[in-house]
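These notes concern the structure reproduced below.
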Amino acid sequence: MSIIDPHFIVIENGALSKVDDFLEDYQRPIFVTDDLLFSTYKEEVEKLMGQEQTWFMVSEYQSGVPPALLEKDIILGFGGGRSIDTAKLLARDTGLNWISVPTAASHDGIASDVASVSQNGYRYSVRCKSPIGVIADLSVIEKAPPSLTLAGIGDIVCKSSSLGEWRLAHEERNEPFEKRVYALVESALESVLQDEGLEALVRAEIDAGRAMSIFGSSRPCSGTEHAISHAMDRQCNELHGLQVAFATPICLHYLREAGYTDYGAEDMHQFLLERNMPARLGDLSLSESQLLDHIQHGLDIMQRRDRYSVLEHLAVENTDILETLVTLEYYNE
Ligand SMILES: [Zn+2]
């Protein structure tokens, strides 16, 4: 049976010192990380665990089972996006279980069963398996660059858009829907809107990941705002959570018009501005026509995935979008 919920979740200061406790059933762990985190944390982790550990660098990853993993019995993804994604892919390739040890709270994939893989300038999702546990040391995560935490907040507040659109797609196009999954993502969203502390953020990210695993697709957590961000990946190199947050007020504007959200587009745009998150075209070095192109391309992505977009629902044209960009103050002052 596949694992949906992690067996254990530890979110606290000093959680790293407990890694050893959760490895009692395993003899040969391997840590998957990147060069920077390796040089920063190798000594500390090995001191806490009382012995040298085996480390696998994400830069070494190729599909298949690398020799370094042949004798191993548990994988620990130690890091941010790429380390966690690589741990997921290795767990899939080897059949081993994996534990998530996030060092940043930058996205909702820290405990999900989906890895984000980049190819030819696009990012796409690969189904893997959920972690058997999450060990989130808040004293480590708080040392991550602030932009990573903001990206994590962005990847949660964007659920205001994905949830409304999911309900619309269900009611208008009969897309599969599950109430308890909706409620889980909604409570994650609300918790972060009320409390931006790291603990609430990490918990919300874990819950969003669980929701996607339970539902069996990213739909509850990923709507047109994500598709626009995926289109933007062709040109922009900003963090995922900041890109999806950038596109969220635009989607909220139309969801409000369609009667599928109570969240205000202006409020959300203000939320981004107040936190110095990208909220104007210039923040992402985008021209008006480039953004329009990304939005159209995002709609193509939605169609290819058989996902109904609120922009399609309202037959939104480029001229409408340009007006919305003015209304929401996306232009630099
Ligand atoms: Zn996301």
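In the structure tokens, the first chain shown is A, the next is B, and so on; residue numbers restart at 1 for each chain, and ligands run from 1 in the order shown.
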Can you build me a table of chain A residues sitting at most 8 Å from ligand 1, with the closest atom pair per residue and its distance in Å to one decimal, using only C-alpha atoms and all ligand atoms, sorted by chain and residue number, as CSV?
```
residue,atom,partner,partner_atom_place_in_ligand_line,distance
A:His107,CA,ligand 1,1 (Zn),6.2
A:Asp108,CA,ligand 1,1 (Zn),6.0
A:Gly109,CA,ligand 1,1 (Zn),7.5
A:Asp155,CA,ligand 1,1 (Zn),5.0
A:Ile156,CA,ligand 1,1 (Zn),7.7
A:Cys221,CA,ligand 1,1 (Zn),6.9
A:Ser222,CA,ligand 1,1 (Zn),6.3
A:His226,CA,ligand 1,1 (Zn),6.5
A:His240,CA,ligand 1,1 (Zn),6.5
A:Gly241,CA,ligand 1,1 (Zn),6.0
A:Val244,CA,ligand 1,1 (Zn),6.9
```
For the selection just defined, write its residues with all heavy atoms to a file, as a PDB file, in the first residue's frame.
```pdb
ATOM      1  N   HIS A 107       8.262  25.822  -0.605  1.00  0.00           N
ATOM      2  CA  HIS A 107       7.201  25.344  -1.506  1.00  0.00           C
ATOM      3  C   HIS A 107       6.394  24.243  -0.828  1.00  0.00           C
ATOM      4  O   HIS A 107       6.792  23.737   0.227  1.00  0.00           O
ATOM      5  CB  HIS A 107       7.799  24.825  -2.815  1.00  0.00           C
ATOM      6  CG  HIS A 107       8.786  23.721  -2.589  1.00  0.00           C
ATOM      7  ND1 HIS A 107       8.430  22.398  -2.602  1.00  0.00           N
ATOM      8  CD2 HIS A 107      10.098  23.749  -2.290  1.00  0.00           C
ATOM      9  CE1 HIS A 107       9.495  21.664  -2.341  1.00  0.00           C
ATOM     10  NE2 HIS A 107      10.517  22.456  -2.140  1.00  0.00           N
ATOM     11  N   ASP A 108       5.285  23.862  -1.465  1.00  0.00           N
ATOM     12  CA  ASP A 108       4.398  22.886  -0.817  1.00  0.00           C
ATOM     13  C   ASP A 108       4.778  21.447  -1.146  1.00  0.00           C
ATOM     14  O   ASP A 108       4.019  20.526  -0.878  1.00  0.00           O
ATOM     15  CB  ASP A 108       2.930  23.169  -1.162  1.00  0.00           C
ATOM     16  CG  ASP A 108       2.633  22.970  -2.644  1.00  0.00           C
ATOM     17  OD1 ASP A 108       3.474  22.393  -3.354  1.00  0.00           O
ATOM     18  OD2 ASP A 108       1.554  23.391  -3.084  1.00  0.00           O
ATOM     19  N   GLY A 109       5.966  21.260  -1.707  1.00  0.00           N
ATOM     20  CA  GLY A 109       6.370  19.905  -2.076  1.00  0.00           C
ATOM     21  C   GLY A 109       7.215  19.212  -1.020  1.00  0.00           C
ATOM     22  O   GLY A 109       7.692  18.099  -1.245  1.00  0.00           O
ATOM     23  N   ASP A 155       3.420  30.107  -2.207  1.00  0.00           N
ATOM     24  CA  ASP A 155       2.892  28.823  -2.688  1.00  0.00           C
ATOM     25  C   ASP A 155       1.697  28.365  -1.843  1.00  0.00           C
ATOM     26  O   ASP A 155       1.012  27.420  -2.215  1.00  0.00           O
ATOM     27  CB  ASP A 155       4.007  27.761  -2.675  1.00  0.00           C
ATOM     28  CG  ASP A 155       3.768  26.661  -3.706  1.00  0.00           C
ATOM     29  OD1 ASP A 155       2.945  26.860  -4.617  1.00  0.00           O
ATOM     30  OD2 ASP A 155       4.406  25.593  -3.596  1.00  0.00           O
ATOM     31  N   ILE A 156       1.467  29.031  -0.703  1.00  0.00           N
ATOM     32  CA  ILE A 156       0.261  28.732   0.084  1.00  0.00           C
ATOM     33  C   ILE A 156      -0.849  29.747  -0.202  1.00  0.00           C
ATOM     34  O   ILE A 156      -1.996  29.366  -0.446  1.00  0.00           O
ATOM     35  CB  ILE A 156       0.577  28.696   1.600  1.00  0.00           C
ATOM     36  CG1 ILE A 156       1.527  27.532   1.921  1.00  0.00           C
ATOM     37  CG2 ILE A 156      -0.722  28.549   2.409  1.00  0.00           C
ATOM     38  CD1 ILE A 156       1.004  26.135   1.612  1.00  0.00           C
ATOM     39  N   CYS A 221      -4.294  22.243  -5.464  1.00  0.00           N
ATOM     40  CA  CYS A 221      -3.271  23.229  -5.090  1.00  0.00           C
ATOM     41  C   CYS A 221      -2.693  23.961  -6.289  1.00  0.00           C
ATOM     42  O   CYS A 221      -1.752  24.743  -6.143  1.00  0.00           O
ATOM     43  CB  CYS A 221      -2.128  22.534  -4.349  1.00  0.00           C
ATOM     44  SG  CYS A 221      -2.629  21.846  -2.772  1.00  0.00           S
ATOM     45  N   SER A 222      -3.203  23.687  -7.469  1.00  0.00           N
ATOM     46  CA  SER A 222      -2.550  24.214  -8.663  1.00  0.00           C
ATOM     47  C   SER A 222      -3.568  24.494  -9.761  1.00  0.00           C
ATOM     48  O   SER A 222      -4.095  23.576 -10.385  1.00  0.00           O
ATOM     49  CB  SER A 222      -1.511  23.179  -9.128  1.00  0.00           C
ATOM     50  OG  SER A 222      -1.051  23.463 -10.414  1.00  0.00           O
ATOM     51  N   HIS A 226      -0.752  28.607 -11.372  1.00  0.00           N
ATOM     52  CA  HIS A 226       0.416  27.741 -11.535  1.00  0.00           C
ATOM     53  C   HIS A 226       0.767  27.564 -13.016  1.00  0.00           C
ATOM     54  O   HIS A 226       1.936  27.538 -13.379  1.00  0.00           O
ATOM     55  CB  HIS A 226       0.161  26.369 -10.890  1.00  0.00           C
ATOM     56  CG  HIS A 226       0.647  26.286  -9.475  1.00  0.00           C
ATOM     57  ND1 HIS A 226       0.037  26.968  -8.445  1.00  0.00           N
ATOM     58  CD2 HIS A 226       1.697  25.621  -8.919  1.00  0.00           C
ATOM     59  CE1 HIS A 226       0.692  26.716  -7.319  1.00  0.00           C
ATOM     60  NE2 HIS A 226       1.701  25.905  -7.574  1.00  0.00           N
ATOM     61  N   HIS A 240       9.598  29.485  -7.625  1.00  0.00           N
ATOM     62  CA  HIS A 240       8.258  29.006  -7.975  1.00  0.00           C
ATOM     63  C   HIS A 240       7.155  29.730  -7.185  1.00  0.00           C
ATOM     64  O   HIS A 240       6.191  30.241  -7.753  1.00  0.00           O
ATOM     65  CB  HIS A 240       8.197  27.494  -7.724  1.00  0.00           C
ATOM     66  CG  HIS A 240       6.821  26.929  -7.730  1.00  0.00           C
ATOM     67  ND1 HIS A 240       6.144  26.641  -8.893  1.00  0.00           N
ATOM     68  CD2 HIS A 240       5.965  26.626  -6.712  1.00  0.00           C
ATOM     69  CE1 HIS A 240       4.935  26.175  -8.589  1.00  0.00           C
ATOM     70  NE2 HIS A 240       4.806  26.154  -7.281  1.00  0.00           N
ATOM     71  N   GLY A 241       7.317  29.776  -5.868  1.00  0.00           N
ATOM     72  CA  GLY A 241       6.271  30.348  -5.014  1.00  0.00           C
ATOM     73  C   GLY A 241       6.049  31.833  -5.263  1.00  0.00           C
ATOM     74  O   GLY A 241       4.936  32.342  -5.097  1.00  0.00           O
ATOM     75  N   VAL A 244       4.047  32.033  -8.708  1.00  0.00           N
ATOM     76  CA  VAL A 244       2.617  31.684  -8.613  1.00  0.00           C
ATOM     77  C   VAL A 244       1.864  32.765  -7.834  1.00  0.00           C
ATOM     78  O   VAL A 244       0.721  33.099  -8.161  1.00  0.00           O
ATOM     79  CB  VAL A 244       2.366  30.281  -7.993  1.00  0.00           C
ATOM     80  CG1 VAL A 244       2.894  29.189  -8.893  1.00  0.00           C
ATOM     81  CG2 VAL A 244       2.937  30.145  -6.604  1.00  0.00           C
TER      82      VAL A 244
END
```
I need the residues in segment 7-200 of chain A that are strand (DSSP E) according to DSSP; give them as an MDAnalysis selection string. chainID A and resid 8:12 29:33 54:57 74:79 98:102 114:119 122:127 133:137
Closest contacts (segment 142-180 of chain A/segment 73-90 of chain A, max 12 Å, only C-alpha atoms) as a tab-separated table:
```
residue	atom	partner	partner_atom	distance
A:Ala144	CA	A:Gly80	CA	9.2
A:Pro145	CA	A:Gly80	CA	11.1
A:Leu148	CA	A:Gly80	CA	8.8
A:Thr149	CA	A:Gly80	CA	10.7
A:Ala151	CA	A:Gly81	CA	11.2
A:Gly152	CA	A:Gly80	CA	10.7
```
Provide the atom CA of Leu70 of chain A to atom CA of Ala91 of chain A distance in Å, to one decimal place. 11.8 Å
List as number ranges by chain the protein and nucleic acid residues near Phe177 of chain A, meaning an atom at most 12 Å away when only C-alpha atoms are counted, but skip any in the same chain fewer than 4 places from it. A: 163-173, 181-183, 211-212, 214-220
Neighbouring residues of Arg256 of chain A were defined as those with any atom within 10 Å, considering only C-alpha atoms; residues of the same chain fewer than 5 positions away were excluded. Please report them as a PyMOL selection string. chain A and resi 161+164+251+261-265+310
Residues near Met302 of chain A, anyone? I mean within 7 Å using only C-alpha atoms, not counting same-chain ones fewer than 6 positions away, as a ChimeraX atom specification. /A:224,227,308-309
For the selection you just gave me, I'd like the residues written to a file as a JSON list (two decimals), in the first residue's frame, keeping N, CA, C and O atoms.
```json
[["chain", "number", "residue", "atom", "x", "y", "z"],
["A", 224, "THR", "N", -4.85, 27.96, -12.64],
["A", 224, "THR", "CA", -4.30, 28.80, -13.70],
["A", 224, "THR", "C", -3.08, 29.60, -13.23],
["A", 224, "THR", "O", -2.15, 29.83, -13.99],
["A", 227, "ALA", "N", -0.27, 27.44, -13.84],
["A", 227, "ALA", "CA", -0.01, 27.26, -15.28],
["A", 227, "ALA", "C", 0.70, 28.49, -15.85],
["A", 227, "ALA", "O", 1.62, 28.37, -16.67],
["A", 308, "TYR", "N", -10.11, 23.10, -16.42],
["A", 308, "TYR", "CA", -10.92, 24.24, -16.84],
["A", 308, "TYR", "C", -10.44, 25.49, -16.12],
["A", 308, "TYR", "O", -10.34, 25.52, -14.90],
["A", 309, "SER", "N", -10.14, 26.53, -16.89],
["A", 309, "SER", "CA", -9.63, 27.78, -16.31],
["A", 309, "SER", "C", -10.74, 28.80, -16.18],
["A", 309, "SER", "O", -11.63, 28.89, -17.03]]
```
So, counting only C-alpha atoms, which residue among A:Asn237, A:Ala245, A:Val114, A:Asp137 is closest to Ile153 of chain A? A:Ala245
Shell of 8 Å around segment 270-273 of chain A, only C-alpha atoms, local chain residues under 5 positions omitted, as a VMD selection string: chain A and resid 245 to 246 278 to 279
Computed interatomic separation between atom CA of Asp93 of chain A and atom CA of Arg210 of chain A (Å):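 So the two atoms, atom CA of Asp93 of chain A and atom CA of Arg210 of chain A, lie 21.2 Å apart.
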Can you pull out every residue from segment 154-321 of chain A that DSSP, working from the backbone, puts in helix (DSSP H, G or I), and format the result as a PDB file with C-alpha atoms, in the first residue's frame?
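What follows is the written file selection-v6.pdb:
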```
ATOM      1  CA  GLY A 154       3.396  32.520  -1.970  1.00  0.00           C
ATOM      2  CA  ASP A 155       2.892  28.823  -2.688  1.00  0.00           C
ATOM      3  CA  ILE A 156       0.261  28.732   0.084  1.00  0.00           C
ATOM      4  CA  VAL A 157      -1.599  32.021  -0.462  1.00  0.00           C
ATOM      5  CA  LYS A 159      -4.413  28.357  -2.918  1.00  0.00           C
ATOM      6  CA  SER A 160      -6.979  31.171  -2.689  1.00  0.00           C
ATOM      7  CA  SER A 161      -6.967  30.970  -6.488  1.00  0.00           C
ATOM      8  CA  SER A 162      -6.490  27.232  -7.027  1.00  0.00           C
ATOM      9  CA  LEU A 163      -9.294  26.284  -4.619  1.00  0.00           C
ATOM     10  CA  GLY A 164     -11.873  28.651  -6.112  1.00  0.00           C
ATOM     11  CA  GLU A 165     -11.017  27.520  -9.612  1.00  0.00           C
ATOM     12  CA  TRP A 166     -11.160  23.861  -8.630  1.00  0.00           C
ATOM     13  CA  ARG A 167     -14.715  24.356  -7.339  1.00  0.00           C
ATOM     14  CA  LEU A 168     -15.640  26.221 -10.528  1.00  0.00           C
ATOM     15  CA  ALA A 169     -14.170  23.441 -12.681  1.00  0.00           C
ATOM     16  CA  HIS A 170     -16.091  20.870 -10.672  1.00  0.00           C
ATOM     17  CA  GLU A 171     -19.419  22.668 -10.887  1.00  0.00           C
ATOM     18  CA  GLU A 172     -19.091  23.768 -14.508  1.00  0.00           C
ATOM     19  CA  ARG A 173     -17.141  20.883 -16.022  1.00  0.00           C
ATOM     20  CA  LYS A 179     -14.701  18.006  -0.016  1.00  0.00           C
ATOM     21  CA  ARG A 180     -12.294  16.843   2.681  1.00  0.00           C
ATOM     22  CA  VAL A 181      -9.322  17.629   0.434  1.00  0.00           C
ATOM     23  CA  TYR A 182     -10.764  21.072  -0.257  1.00  0.00           C
ATOM     24  CA  ALA A 183     -11.177  21.624   3.498  1.00  0.00           C
ATOM     25  CA  LEU A 184      -7.604  20.511   4.185  1.00  0.00           C
ATOM     26  CA  VAL A 185      -6.120  22.969   1.676  1.00  0.00           C
ATOM     27  CA  GLU A 186      -8.475  25.724   2.791  1.00  0.00           C
ATOM     28  CA  SER A 187      -7.400  25.366   6.412  1.00  0.00           C
ATOM     29  CA  ALA A 188      -3.733  25.423   5.342  1.00  0.00           C
ATOM     30  CA  LEU A 189      -4.405  28.650   3.438  1.00  0.00           C
ATOM     31  CA  GLU A 190      -6.304  30.247   6.311  1.00  0.00           C
ATOM     32  CA  SER A 191      -3.672  29.281   8.861  1.00  0.00           C
ATOM     33  CA  VAL A 192      -0.942  31.080   6.895  1.00  0.00           C
ATOM     34  CA  LEU A 193      -3.116  34.137   6.250  1.00  0.00           C
ATOM     35  CA  GLN A 194      -3.559  34.391  10.021  1.00  0.00           C
ATOM     36  CA  LEU A 198       7.529  29.337  10.224  1.00  0.00           C
ATOM     37  CA  GLU A 199       5.792  26.573  12.135  1.00  0.00           C
ATOM     38  CA  ALA A 200       2.377  27.409  10.659  1.00  0.00           C
ATOM     39  CA  LEU A 201       3.944  27.720   7.207  1.00  0.00           C
ATOM     40  CA  VAL A 202       5.701  24.352   7.361  1.00  0.00           C
ATOM     41  CA  ARG A 203       2.549  22.683   8.660  1.00  0.00           C
ATOM     42  CA  ALA A 204       0.483  24.278   5.874  1.00  0.00           C
ATOM     43  CA  GLU A 205       2.981  23.073   3.259  1.00  0.00           C
ATOM     44  CA  ILE A 206       2.852  19.552   4.639  1.00  0.00           C
ATOM     45  CA  ASP A 207      -0.964  19.625   4.597  1.00  0.00           C
ATOM     46  CA  ALA A 208      -1.075  20.940   1.031  1.00  0.00           C
ATOM     47  CA  GLY A 209       1.273  18.119   0.016  1.00  0.00           C
ATOM     48  CA  ARG A 210      -0.899  15.573   1.827  1.00  0.00           C
ATOM     49  CA  ALA A 211      -3.976  16.967   0.093  1.00  0.00           C
ATOM     50  CA  MET A 212      -2.415  16.389  -3.334  1.00  0.00           C
ATOM     51  CA  SER A 213      -1.377  12.860  -2.346  1.00  0.00           C
ATOM     52  CA  ILE A 214      -4.849  12.016  -1.032  1.00  0.00           C
ATOM     53  CA  PHE A 215      -6.554  13.438  -4.105  1.00  0.00           C
ATOM     54  CA  ARG A 219      -5.465  20.118  -8.971  1.00  0.00           C
ATOM     55  CA  PRO A 220      -6.524  21.279  -5.468  1.00  0.00           C
ATOM     56  CA  CYS A 221      -3.271  23.229  -5.090  1.00  0.00           C
ATOM     57  CA  THR A 224      -4.298  28.804 -13.699  1.00  0.00           C
ATOM     58  CA  GLU A 225      -1.913  30.762 -11.435  1.00  0.00           C
ATOM     59  CA  HIS A 226       0.416  27.741 -11.535  1.00  0.00           C
ATOM     60  CA  ALA A 227      -0.011  27.257 -15.284  1.00  0.00           C
ATOM     61  CA  ILE A 228       0.953  30.913 -15.857  1.00  0.00           C
ATOM     62  CA  SER A 229       4.001  30.395 -13.652  1.00  0.00           C
ATOM     63  CA  HIS A 230       4.964  27.289 -15.643  1.00  0.00           C
ATOM     64  CA  ALA A 231       4.706  29.359 -18.820  1.00  0.00           C
ATOM     65  CA  MET A 232       6.831  32.059 -17.171  1.00  0.00           C
ATOM     66  CA  HIS A 240       8.258  29.006  -7.975  1.00  0.00           C
ATOM     67  CA  GLY A 241       6.271  30.348  -5.014  1.00  0.00           C
ATOM     68  CA  LEU A 242       6.967  33.965  -5.953  1.00  0.00           C
ATOM     69  CA  GLN A 243       5.877  33.409  -9.552  1.00  0.00           C
ATOM     70  CA  VAL A 244       2.617  31.684  -8.613  1.00  0.00           C
ATOM     71  CA  ALA A 245       1.894  34.411  -6.056  1.00  0.00           C
ATOM     72  CA  PHE A 246       2.507  37.042  -8.754  1.00  0.00           C
ATOM     73  CA  ALA A 247      -0.186  35.453 -10.952  1.00  0.00           C
ATOM     74  CA  THR A 248      -2.660  34.881  -8.110  1.00  0.00           C
ATOM     75  CA  PRO A 249      -4.366  38.326  -7.931  1.00  0.00           C
ATOM     76  CA  ILE A 250      -5.073  38.175 -11.686  1.00  0.00           C
ATOM     77  CA  CYS A 251      -6.847  34.825 -11.280  1.00  0.00           C
ATOM     78  CA  LEU A 252      -8.651  36.011  -8.137  1.00  0.00           C
ATOM     79  CA  HIS A 253      -9.975  39.012 -10.051  1.00  0.00           C
ATOM     80  CA  TYR A 254     -11.763  36.705 -12.493  1.00  0.00           C
ATOM     81  CA  LEU A 255     -12.789  34.158  -9.874  1.00  0.00           C
ATOM     82  CA  ARG A 256     -14.475  36.957  -7.959  1.00  0.00           C
ATOM     83  CA  GLU A 257     -16.253  38.033 -11.138  1.00  0.00           C
ATOM     84  CA  ALA A 258     -17.389  34.442 -11.694  1.00  0.00           C
ATOM     85  CA  ALA A 265      -7.694  40.424  -5.817  1.00  0.00           C
ATOM     86  CA  GLU A 266      -6.659  43.904  -4.623  1.00  0.00           C
ATOM     87  CA  ASP A 267      -6.126  42.627  -1.084  1.00  0.00           C
ATOM     88  CA  MET A 268      -3.926  39.824  -2.359  1.00  0.00           C
ATOM     89  CA  HIS A 269      -1.942  42.199  -4.559  1.00  0.00           C
ATOM     90  CA  GLN A 270      -1.462  44.466  -1.550  1.00  0.00           C
ATOM     91  CA  PHE A 271      -0.362  41.439   0.485  1.00  0.00           C
ATOM     92  CA  LEU A 272       2.420  40.815  -2.060  1.00  0.00           C
ATOM     93  CA  LEU A 273       3.480  44.471  -2.187  1.00  0.00           C
ATOM     94  CA  GLU A 274       3.696  44.742   1.595  1.00  0.00           C
ATOM     95  CA  LEU A 281       5.724  43.667 -14.219  1.00  0.00           C
ATOM     96  CA  GLY A 282       9.115  45.259 -13.628  1.00  0.00           C
ATOM     97  CA  ASP A 283       9.774  43.044 -10.595  1.00  0.00           C
ATOM     98  CA  LEU A 284      10.038  40.074 -12.961  1.00  0.00           C
ATOM     99  CA  GLU A 288       3.145  43.726 -21.019  1.00  0.00           C
ATOM    100  CA  SER A 289       3.213  41.583 -24.166  1.00  0.00           C
ATOM    101  CA  GLN A 290       5.421  38.968 -22.529  1.00  0.00           C
ATOM    102  CA  LEU A 291       2.995  38.594 -19.631  1.00  0.00           C
ATOM    103  CA  LEU A 292       0.061  38.314 -22.036  1.00  0.00           C
ATOM    104  CA  ASP A 293       1.959  35.621 -23.901  1.00  0.00           C
ATOM    105  CA  HIS A 294       2.652  33.727 -20.663  1.00  0.00           C
ATOM    106  CA  ILE A 295      -1.015  33.916 -19.690  1.00  0.00           C
ATOM    107  CA  GLN A 296      -2.100  32.570 -23.092  1.00  0.00           C
ATOM    108  CA  HIS A 297       0.506  29.851 -22.899  1.00  0.00           C
ATOM    109  CA  GLY A 298      -0.682  29.053 -19.370  1.00  0.00           C
ATOM    110  CA  LEU A 299      -4.201  28.602 -20.730  1.00  0.00           C
ATOM    111  CA  ASP A 300      -2.829  26.188 -23.343  1.00  0.00           C
ATOM    112  CA  ILE A 301      -1.184  24.234 -20.529  1.00  0.00           C
ATOM    113  CA  MET A 302      -4.521  24.115 -18.667  1.00  0.00           C
ATOM    114  CA  GLN A 303      -6.294  22.809 -21.765  1.00  0.00           C
ATOM    115  CA  ARG A 304      -3.648  20.199 -22.422  1.00  0.00           C
ATOM    116  CA  VAL A 310     -11.625  30.678 -14.956  1.00  0.00           C
ATOM    117  CA  LEU A 311     -10.210  32.761 -17.813  1.00  0.00           C
ATOM    118  CA  GLU A 312     -11.668  30.291 -20.308  1.00  0.00           C
ATOM    119  CA  HIS A 313     -14.933  30.285 -18.365  1.00  0.00           C
ATOM    120  CA  ASN A 318      -6.169  40.305 -23.855  1.00  0.00           C
ATOM    121  CA  THR A 319      -7.869  43.705 -23.671  1.00  0.00           C
ATOM    122  CA  ASP A 320      -9.677  42.568 -20.487  1.00  0.00           C
ATOM    123  CA  ILE A 321      -6.409  41.400 -18.985  1.00  0.00           C
TER     124      ILE A 321
END
```
Have a look at A:Ser17, A:Thr327, A:Thr33, A:Gln62 and name the one nearest to Gly50 of chain A; count only C-alpha atoms. A:Ser17
If we count only C-alpha atoms, what is near Pro6 of chain A at a cut-off of 12 Å, once residues fewer than 3 positions away on the same chain are taken out, given as a count of residues only? 25
